[in-house]
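Peer 1: If it helps, the file is called run18.txt and holds compact mmCIF, C-alpha atoms and all ligand atoms:
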```txt
# COMPACT_ATOMS: atom_id res chain seq x y z
CA MET A 228 12.42 -9.44 -7.08
CA LEU A 229 11.18 -12.89 -6.19
CA ALA A 230 10.62 -11.87 -2.57
CA SER A 231 8.45 -8.91 -3.52
CA LYS A 232 6.49 -11.10 -5.92
CA LEU A 233 5.90 -13.71 -3.24
CA LYS A 234 4.83 -11.06 -0.76
CA LYS A 235 2.11 -9.97 -3.14
CA GLU A 236 0.38 -13.32 -3.35
CA ILE A 237 -3.04 -14.09 -1.93
CA THR A 238 -3.04 -17.11 0.36
CA TYR A 239 -5.87 -18.82 2.18
CA GLU A 240 -5.37 -19.28 5.88
CA PHE A 241 -7.35 -22.46 6.55
CA PRO A 242 -7.58 -25.63 4.47
CA GLU A 243 -11.15 -26.06 5.72
CA ARG A 244 -14.15 -23.81 5.97
CA PRO A 245 -17.19 -24.29 8.21
CA GLU A 246 -20.01 -26.48 6.92
CA THR A 247 -23.05 -24.51 5.81
CA GLY A 248 -24.75 -23.41 9.03
CA GLY A 249 -21.63 -24.37 10.99
CA VAL A 250 -19.02 -22.48 12.96
CA MET A 251 -15.21 -22.51 13.05
CA GLN A 252 -12.75 -20.59 15.25
CA VAL A 253 -10.41 -18.29 13.31
CA ALA A 254 -8.67 -16.60 16.27
CA PRO A 255 -9.11 -16.61 20.06
CA GLY A 256 -12.68 -15.44 20.68
CA VAL A 257 -13.46 -15.02 16.97
CA LEU A 258 -15.82 -17.49 15.28
CA TRP A 259 -16.70 -17.83 11.60
CA LEU A 260 -20.34 -18.77 10.88
CA ARG A 261 -21.19 -19.77 7.32
CA MET A 262 -24.83 -18.98 6.58
CA PRO A 263 -26.66 -20.21 3.46
CA LEU A 264 -28.25 -17.76 0.99
CA PRO A 265 -31.11 -18.55 -1.41
CA PHE A 266 -29.27 -16.85 -4.31
CA ALA A 267 -26.70 -17.71 -6.98
CA LEU A 268 -24.15 -16.60 -4.38
CA ALA A 269 -25.12 -19.34 -1.95
CA HIS A 270 -23.39 -18.35 1.32
CA ILE A 271 -22.33 -15.44 3.50
CA ASN A 272 -19.74 -15.40 6.26
CA LEU A 273 -20.86 -13.94 9.58
CA TRP A 274 -18.59 -13.31 12.56
CA LEU A 275 -19.11 -13.89 16.28
CA LEU A 276 -16.81 -11.92 18.58
CA GLU A 277 -16.43 -12.82 22.24
CA ASP A 278 -17.68 -9.83 24.22
CA ASP A 279 -17.57 -9.07 27.95
CA ASP A 280 -20.75 -10.94 28.81
CA GLY A 281 -21.49 -12.98 25.72
CA TRP A 282 -21.07 -12.63 21.98
CA ALA A 283 -21.22 -9.68 19.58
CA ILE A 284 -22.52 -10.54 16.10
CA VAL A 285 -21.18 -9.02 12.88
CA ASP A 286 -23.68 -9.34 9.99
CA THR A 287 -26.77 -11.46 10.12
CA GLY A 288 -27.85 -13.33 6.93
CA VAL A 289 -31.07 -12.92 4.94
CA PHE A 290 -34.32 -13.05 6.87
CA THR A 291 -35.60 -16.57 6.15
CA ASP A 292 -36.82 -19.50 8.27
CA GLU A 293 -33.56 -21.27 7.53
CA SER A 294 -31.42 -18.35 8.83
CA GLN A 295 -33.55 -18.12 11.98
CA GLU A 296 -33.14 -21.84 12.63
CA ILE A 297 -29.38 -21.60 12.20
CA TRP A 298 -29.21 -18.65 14.58
CA GLU A 299 -31.20 -20.61 17.20
CA GLN A 300 -28.80 -23.56 16.84
CA THR A 301 -25.79 -21.23 17.05
CA PHE A 302 -27.06 -19.66 20.29
CA SER A 303 -27.31 -23.12 21.91
CA ASN A 304 -24.20 -24.72 20.43
CA ALA A 305 -21.34 -22.43 19.39
CA MET A 306 -22.33 -19.63 21.79
CA GLU A 307 -22.99 -22.13 24.58
CA LYS A 308 -26.14 -20.26 25.61
CA GLN A 309 -24.12 -17.10 26.40
CA PRO A 310 -26.17 -14.03 25.49
CA VAL A 311 -25.79 -11.95 22.36
CA THR A 312 -24.53 -8.54 23.51
CA ARG A 313 -25.05 -6.43 20.32
CA VAL A 314 -25.43 -6.70 16.58
CA PHE A 315 -23.07 -4.96 14.12
CA VAL A 316 -24.10 -4.67 10.47
CA THR A 317 -21.44 -3.75 7.89
CA HIS A 318 -23.96 -2.51 5.31
CA LEU A 319 -27.60 -2.58 4.29
CA HIS A 320 -27.71 -5.39 1.73
CA PRO A 321 -30.20 -8.14 2.63
CA ASP A 322 -27.56 -10.85 3.16
CA HIS A 323 -25.92 -8.62 5.79
CA ALA A 324 -28.83 -6.72 7.35
CA GLY A 325 -31.64 -9.25 6.79
CA CYS A 326 -31.92 -10.73 10.29
CA ALA A 327 -30.70 -7.62 12.16
CA GLY A 328 -34.18 -6.34 13.01
CA TRP A 329 -35.38 -9.76 14.09
CA LEU A 330 -32.26 -10.41 16.22
CA THR A 331 -32.13 -7.03 17.95
CA LYS A 332 -35.85 -7.03 18.78
CA LYS A 333 -35.98 -10.66 19.87
CA LEU A 334 -32.84 -10.39 22.03
CA ALA A 335 -33.41 -6.75 23.13
CA VAL A 336 -29.89 -5.69 22.12
CA GLU A 337 -28.50 -2.67 20.29
CA LEU A 338 -27.96 -2.41 16.54
CA LEU A 339 -24.71 -0.76 15.43
CA MET A 340 -24.51 0.55 11.88
CA SER A 341 -23.25 3.59 9.98
CA ARG A 342 -25.91 6.28 9.54
CA GLU A 343 -26.26 6.19 5.74
CA GLU A 344 -26.63 2.41 5.77
CA TYR A 345 -29.22 2.50 8.54
CA LEU A 346 -31.32 5.23 6.92
CA LEU A 347 -31.16 3.80 3.39
CA CYS A 348 -32.08 0.35 4.69
CA ARG A 349 -35.16 1.81 6.37
CA ILE A 350 -36.15 3.63 3.15
CA LEU A 351 -35.76 0.49 1.03
CA VAL A 352 -37.80 -1.59 3.46
CA ALA A 353 -40.47 1.15 3.39
CA ASP A 354 -40.52 0.93 -0.45
CA THR A 355 -41.46 -2.74 -0.22
CA GLY A 356 -44.68 -3.50 -2.07
CA ARG A 357 -44.88 -0.05 -3.70
CA PRO A 358 -45.08 0.23 -7.52
CA ALA A 359 -41.94 1.17 -9.46
CA PRO A 360 -41.61 4.98 -9.80
CA ASP A 361 -41.66 6.65 -13.25
CA THR A 362 -38.13 7.98 -12.67
CA GLY A 363 -36.93 4.39 -12.26
CA ILE A 364 -38.65 3.28 -15.45
CA ARG A 365 -37.17 6.25 -17.36
CA PHE A 366 -33.70 5.49 -15.93
CA TYR A 367 -33.71 1.93 -17.32
CA GLN A 368 -35.34 3.05 -20.59
CA SER A 369 -32.52 5.54 -21.10
CA ALA A 370 -30.01 2.72 -20.52
CA GLY A 371 -31.56 0.77 -23.41
CA TYR A 372 -33.78 -1.74 -21.56
CA SER A 373 -36.24 -3.66 -23.75
CA PRO A 374 -39.96 -3.58 -22.79
CA LYS A 375 -39.51 -7.13 -21.42
CA ALA A 376 -36.57 -6.07 -19.20
CA LEU A 377 -38.61 -3.06 -18.00
CA GLU A 378 -41.39 -5.42 -16.94
CA ILE A 379 -38.86 -7.41 -14.86
CA TYR A 380 -37.67 -4.17 -13.21
CA LYS A 381 -41.27 -3.22 -12.38
CA LYS A 382 -41.86 -6.64 -10.90
CA MET A 383 -38.62 -6.60 -8.90
CA PHE A 384 -39.11 -3.09 -7.50
CA GLY A 385 -39.92 -3.13 -3.84
CA SER A 386 -38.66 -6.67 -3.29
CA PHE A 387 -35.89 -5.54 -0.90
CA GLY A 388 -38.02 -6.14 2.18
CA GLN A 389 -38.74 -9.72 1.14
CA TYR A 390 -35.46 -10.78 2.80
CA VAL A 391 -35.09 -8.02 5.40
CA SER A 392 -36.76 -7.89 8.77
CA PRO A 393 -37.54 -4.19 9.48
CA LEU A 394 -34.74 -2.53 11.43
CA PRO A 395 -35.35 -1.30 14.96
CA GLU A 396 -36.50 2.31 15.33
CA SER A 397 -33.25 3.31 17.03
CA TYR A 398 -29.61 2.31 16.65
CA ARG A 399 -26.06 3.32 17.57
CA ARG A 400 -24.08 5.04 14.84
CA LEU A 401 -20.70 3.73 13.69
CA LYS A 402 -18.33 6.39 12.31
CA ASP A 403 -15.05 6.19 10.45
CA GLY A 404 -12.14 5.98 12.92
CA ASP A 405 -14.30 4.95 15.91
CA LEU A 406 -12.59 2.52 18.29
CA VAL A 407 -15.08 0.01 19.64
CA SER A 408 -14.11 -2.28 22.52
CA ILE A 409 -15.42 -5.79 22.06
CA GLY A 410 -14.37 -8.12 24.88
CA ALA A 411 -10.60 -7.81 25.35
CA ASN A 412 -9.95 -6.08 22.03
CA ASP A 413 -10.38 -2.71 20.35
CA TRP A 414 -11.76 -2.70 16.81
CA GLU A 415 -11.36 0.32 14.54
CA ILE A 416 -14.24 1.19 12.23
CA ILE A 417 -13.05 1.81 8.68
CA ILE A 418 -15.69 3.17 6.31
CA GLY A 419 -15.56 2.20 2.66
CA ARG A 420 -17.74 3.63 -0.12
CA GLY A 421 -18.88 2.63 -3.58
CA HIS A 422 -20.39 -0.82 -3.06
CA SER A 423 -22.82 0.71 -0.60
CA PRO A 424 -22.96 4.27 0.71
CA GLU A 425 -21.14 3.99 4.06
CA HIS A 426 -19.90 0.43 4.49
CA ALA A 427 -18.36 -0.29 7.91
CA CYS A 428 -15.36 -2.64 8.16
CA LEU A 429 -13.89 -3.68 11.52
CA TYR A 430 -10.12 -3.79 11.99
CA CYS A 431 -8.37 -5.17 15.09
CA ALA A 432 -4.66 -4.26 15.18
CA ASP A 433 -3.94 -6.55 18.16
CA LEU A 434 -5.46 -9.64 16.56
CA LYS A 435 -4.35 -8.51 13.06
CA LEU A 436 -7.86 -9.22 11.78
CA PHE A 437 -9.88 -7.27 9.26
CA ILE A 438 -13.61 -7.99 8.94
CA SER A 439 -14.08 -6.63 5.45
CA GLY A 440 -17.78 -7.26 4.68
CA ASP A 441 -18.17 -6.78 0.92
CA GLN A 442 -15.51 -4.05 0.79
CA LEU A 443 -12.72 -6.54 0.08
CA LEU A 444 -13.47 -10.03 -1.26
CA PRO A 445 -10.87 -12.61 -2.37
CA THR A 446 -12.36 -13.77 -5.68
CA ILE A 447 -15.44 -11.73 -6.57
CA SER A 448 -15.27 -8.02 -7.38
CA SER A 449 -18.04 -6.29 -5.41
CA ASN A 450 -20.86 -4.71 -7.38
CA VAL A 451 -20.45 -0.94 -7.79
CA SER A 452 -23.70 0.41 -9.21
CA VAL A 453 -25.57 3.56 -10.10
CA HIS A 454 -29.23 3.36 -9.08
CA PRO A 455 -32.26 5.32 -10.38
CA THR A 456 -32.46 7.37 -7.18
CA GLU A 457 -29.22 9.15 -8.12
CA PRO A 458 -28.52 8.73 -11.86
CA ALA A 459 -25.51 11.08 -11.89
CA ALA A 460 -23.79 9.36 -8.93
CA ASP A 461 -20.11 8.42 -9.33
CA PRO A 462 -19.76 5.42 -7.00
CA LEU A 463 -16.72 4.10 -8.88
CA LEU A 464 -14.77 7.22 -7.88
CA ASP A 465 -15.67 6.51 -4.24
CA TRP A 466 -14.87 2.82 -4.64
CA MET A 467 -11.42 3.41 -6.15
CA ALA A 468 -10.61 6.01 -3.46
CA SER A 469 -11.70 3.52 -0.75
CA LEU A 470 -9.52 0.74 -2.21
CA ARG A 471 -6.50 3.06 -2.24
CA GLU A 472 -7.24 4.31 1.27
CA LEU A 473 -7.52 0.77 2.61
CA LYS A 474 -3.94 0.12 1.52
CA ASP A 475 -2.85 2.86 3.94
CA ARG A 476 -5.12 1.80 6.79
CA ILE A 477 -4.56 -1.94 7.04
CA PRO A 478 -1.20 -3.71 7.05
CA GLU A 479 -0.23 -6.25 4.39
CA ASP A 480 -0.04 -9.11 6.90
CA VAL A 481 -3.60 -8.74 8.21
CA LEU A 482 -5.91 -11.76 8.02
CA VAL A 483 -8.95 -10.68 5.98
CA LEU A 484 -12.31 -12.10 7.05
CA PRO A 485 -14.51 -11.45 4.01
CA ALA A 486 -18.30 -11.79 3.73
CA HIS A 487 -18.00 -14.21 0.80
CA GLY A 488 -15.25 -16.72 0.06
CA LYS A 489 -12.50 -17.79 2.45
CA ALA A 490 -10.32 -15.99 5.01
CA PHE A 491 -7.16 -14.82 3.26
CA ARG A 492 -3.86 -12.98 3.55
CA GLY A 493 -2.53 -10.64 0.89
CA ALA A 494 -4.90 -7.68 1.34
CA HIS A 495 -2.66 -5.25 -0.53
CA ALA A 496 -2.19 -7.65 -3.44
CA ARG A 497 -5.96 -8.10 -3.71
CA LEU A 498 -6.55 -4.34 -3.50
CA ASP A 499 -4.02 -3.81 -6.32
CA GLN A 500 -5.75 -6.48 -8.40
CA LEU A 501 -9.14 -4.82 -7.97
CA ILE A 502 -7.78 -1.36 -8.84
CA ASP A 503 -6.11 -2.86 -11.95
CA GLU A 504 -9.29 -4.70 -13.01
CA HIS A 505 -11.33 -1.49 -12.97
CA GLY A 506 -8.57 0.28 -14.91
CA THR A 507 -8.66 -2.47 -17.54
CA GLY A 508 -12.46 -2.28 -17.69
CA LEU A 509 -12.41 1.50 -18.14
CA ALA A 510 -9.86 1.24 -20.97
CA ALA A 511 -11.92 -1.47 -22.72
CA LEU A 512 -15.02 0.67 -22.32
CA GLN A 513 -13.33 3.66 -23.94
CA GLU A 514 -12.24 1.46 -26.83
CA LEU A 515 -15.72 -0.03 -27.30
CA CYS A 516 -17.37 3.40 -27.21
CA LYS A 517 -15.38 4.80 -30.11
CA GLU A 518 -18.72 4.30 -31.83
CA PRO A 519 -21.76 5.48 -29.81
CA LYS A 520 -23.17 2.83 -27.48
CA ARG A 521 -26.02 2.53 -24.99
CA ALA A 522 -25.29 1.33 -21.43
CA ILE A 523 -26.86 -2.00 -22.31
CA ASP A 524 -24.38 -2.45 -25.21
CA VAL A 525 -21.18 -2.19 -23.15
CA PHE A 526 -21.27 -5.43 -21.14
CA PRO A 527 -18.56 -7.13 -23.27
CA ALA A 528 -16.05 -4.49 -22.08
CA LEU A 529 -16.73 -5.20 -18.40
CA PHE A 530 -17.99 -8.76 -17.96
CA LYS A 531 -16.54 -12.06 -19.13
CA SER A 532 -19.76 -14.07 -18.88
CA LYS A 533 -23.05 -13.52 -20.68
CA ILE A 534 -25.48 -11.41 -18.65
CA THR A 535 -28.84 -13.08 -18.09
CA GLY A 536 -31.79 -12.92 -15.67
CA THR A 537 -31.53 -10.70 -12.62
CA ASN A 538 -27.82 -10.18 -13.34
CA LEU A 539 -28.97 -7.60 -15.88
CA PHE A 540 -29.94 -5.34 -12.99
CA PHE A 541 -26.43 -5.52 -11.45
CA ALA A 542 -24.67 -5.30 -14.83
CA ILE A 543 -26.53 -2.18 -15.98
CA GLY A 544 -25.84 -0.39 -12.67
CA GLU A 545 -22.16 -1.30 -12.86
CA SER A 546 -21.92 -0.24 -16.53
CA ILE A 547 -23.42 3.16 -15.77
CA ALA A 548 -21.01 3.51 -12.82
CA HIS A 549 -18.08 3.03 -15.20
CA LEU A 550 -19.62 5.34 -17.82
CA ASN A 551 -20.28 8.09 -15.25
CA TYR A 552 -16.68 7.81 -14.04
CA LEU A 553 -15.46 8.36 -17.61
CA LEU A 554 -17.95 11.22 -18.16
CA ASN A 555 -16.66 12.96 -15.04
CA THR A 556 -13.06 12.66 -16.21
CA ASP A 557 -13.89 13.98 -19.70
CA ARG A 558 -13.11 10.70 -21.40
CA MET A 559 -16.70 10.14 -22.51
CA THR A 560 -19.61 12.23 -23.76
CA VAL A 561 -23.30 11.38 -23.70
CA GLU A 562 -26.16 12.39 -25.98
CA THR A 563 -29.84 11.65 -25.56
CA ASP A 564 -31.86 10.65 -28.62
CA LYS A 565 -35.51 11.50 -29.32
CA SER A 566 -36.76 8.44 -27.45
CA GLY A 567 -34.76 9.38 -24.34
CA VAL A 568 -32.01 6.77 -24.74
CA HIS A 569 -28.46 7.78 -23.70
CA TRP A 570 -25.68 7.17 -26.22
CA TYR A 571 -22.11 7.27 -24.94
CA GLN A 572 -19.04 8.02 -27.06
CA SER A 573 -15.35 8.19 -26.12
CA THR A 574 -13.62 11.52 -26.53
CA ARG A 575 -10.33 9.88 -27.46
ZN ZN A 601 -23.15 -6.04 -0.30
```
Please express the file's structure as structure tokens.

Peer 2:
Amino acid sequence: MLASKLKKEITYEFPERPETGGVMQVAPGVLWLRMPLPFALAHINLWLLEDDDGWAIVDTGVFTDESQEIWEQTFSNAMEKQPVTRVFVTHLHPDHAGCAGWLTKKLAVELLMSREEYLLCRILVADTGRPAPDTGIRFYQSAGYSPKALEIYKKMFGSFGQYVSPLPESYRRLKDGDLVSIGANDWEIIIGRGHSPEHACLYCADLKLFISGDQLLPTISSNVSVHPTEPAADPLLDWMASLRELKDRIPEDVLVLPAHGKAFRGAHARLDQLIDEHGTGLAALQELCKEPKRAIDVFPALFKSKITGTNLFFAIGESIAHLNYLLNTDRMTVETDKSGVHWYQSTR
């Protein structure tokens, strides 16, 4: 009993972490680079893998002067002026894909990404500077946004490219189950869905390492959102399926190298926790919606802290993801009032 309980704990591998902008070795030929972010979440972990003739990079940081300076320092110091061989990007979010275009063009190396991430990233960069579409405004109106919140959405629309250097015009596709040789090791590509459309994780059985990106984080639960481009999407179904699948594809004793937070062991325990948390959230949501509610009214069922500022954008997407999941499993119904606002009510 005790043994199984102990086995399920999450433990952190290293007492230290790299300084911001600094590098630390986590395994032979595997370096951990901690890059600053200009957001509430103030860092991202990037990974440098010793390749045949230099270093392969996994994830790149947001595209800012500060990130570029840190990359230049890393080339000279940690990489000892060995060339970058290629750039892997786990998924399209600006903290991961931001410098990928700049790095691959500057260094004339290949970008490796899954197809949906590559294409969606190019679309979002192309949307930069365009006005918010009517469908987007209607989407947030139907969720219960106030006129003030709608103004913030309109202002924020098209800001994706602010932190993303445009991707190169060609790339190499990563697919689920691919085995990619990097230096002396083979890394298996494991695709996860729900946080982003086709998120690539890298798993090395020999080194017992799992570069998880945002698919598995030790303390934060990754945002799972519905966006105006696909209002009826059910990303939570994909997310839960991916969490369950990961338990079959990576062993319990793997060292997880996450994009945020510290390297940890206890992948299965963390996956169980995340599955449980969503289950608890869904149950609380059903309880709250015994009386009809708008998406904007359901935050207390899903979030502990008060939602303010740009967090509203993430919270509304995540709330609709949970509501759509319940709609698709017949635990919720939705009605639209005369002003176009959706009201959700539990069926039991
Ligand atoms: Zn992400």

Peer 1: Determine, counting all atoms listed in the file, every residue of protein, DNA or RNA that lies within 12 Å of (-25.1, -5.5, -10.1) in the file coordinates, then give the result as a list in words.

Peer 2: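 Neighbouring residues, ordered by chain and number, come to His422, Ser423, Ser448, Ser449, Asn450, Val451, Ser452, Val453, His454, Phe526, Leu529, Phe530, Ile534, Thr535, Gly536, Thr537, Asn538, Leu539, Phe540, Phe541, Ala542, Ile543, Gly544, Glu545, Ser546, Ile547 and Ala548 of chain A.
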
Peer 1: Go through chain A residue by residue and, counting only C-alpha atoms and all ligand atoms, keep those with an atom at most 10 Å from ligand ZN 601 (chain A); for each kept residue give the shortest atom pair and its distance in Å to one decimal, ordered by chain and increasing number, as CSV.

Peer 2:
```
residue,atom,partner,partner_atom,distance
A:Thr317,CA,A:ZN601,ZN,8.7
A:His318,CA,A:ZN601,ZN,6.7
A:Leu319,CA,A:ZN601,ZN,7.3
A:His320,CA,A:ZN601,ZN,5.0
A:Pro321,CA,A:ZN601,ZN,7.9
A:Asp322,CA,A:ZN601,ZN,7.4
A:His323,CA,A:ZN601,ZN,7.2
A:Ala324,CA,A:ZN601,ZN,9.6
A:His422,CA,A:ZN601,ZN,6.5
A:Ser423,CA,A:ZN601,ZN,6.8
A:His426,CA,A:ZN601,ZN,8.7
A:Gly440,CA,A:ZN601,ZN,7.4
A:Asp441,CA,A:ZN601,ZN,5.2
A:Gln442,CA,A:ZN601,ZN,8.0
A:Ser449,CA,A:ZN601,ZN,7.2
A:Asn450,CA,A:ZN601,ZN,7.6
A:Val451,CA,A:ZN601,ZN,9.5
A:Ala486,CA,A:ZN601,ZN,8.5
A:His487,CA,A:ZN601,ZN,9.7
```

Peer 1: Which residue out of A:Glu307, A:Glu236, A:Glu277, A:Glu293 has the minimum interatomic distance to His495 in chain A when only C-alpha atoms are used?

Peer 2: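 Once distances to His495 in chain A are computed over only C-alpha atoms, the minimum belongs to A:Glu236.
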
Peer 1: A:Ile297, A:Ala460, A:Ala468, A:Val289: which is nearest Gln389 in chain A, counting only C-alpha atoms?

Peer 2: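 Selected residue with least distance to Gln389 in chain A: A:Val289.
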
Peer 1: Looking at all atoms listed in the file, which of A:Leu401, A:Ile284, A:Leu550, A:Ile237 is the one that sits closest to Ala370 in chain A?

Peer 2: A:Leu550

Peer 1: Have a look at CA of Arg400 in chain A and CA of Asp480 in chain A and let me know their distance in Å, one decimal.

Peer 2: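 Separating CA of Arg400 in chain A from CA of Asp480 in chain A is a distance of 29.0 Å.
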
Peer 1: Of the candidates A:Leu498, A:Val257, A:Ala305, A:Leu463, which one gets nearest to Thr446 in chain A if we count only C-alpha atoms?

Peer 2: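 Going through A:Leu498, A:Val257, A:Ala305, A:Leu463 one by one, the smallest distance to Thr446 in chain A is for A:Leu498.
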
Peer 1: What does the distance between CA of Leu464 in chain A and CA of Ile477 in chain A come to in Å, to one decimal place?

Peer 2: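 Atom-to-atom, CA of Leu464 in chain A and CA of Ile477 in chain A are spaced 20.3 Å apart.
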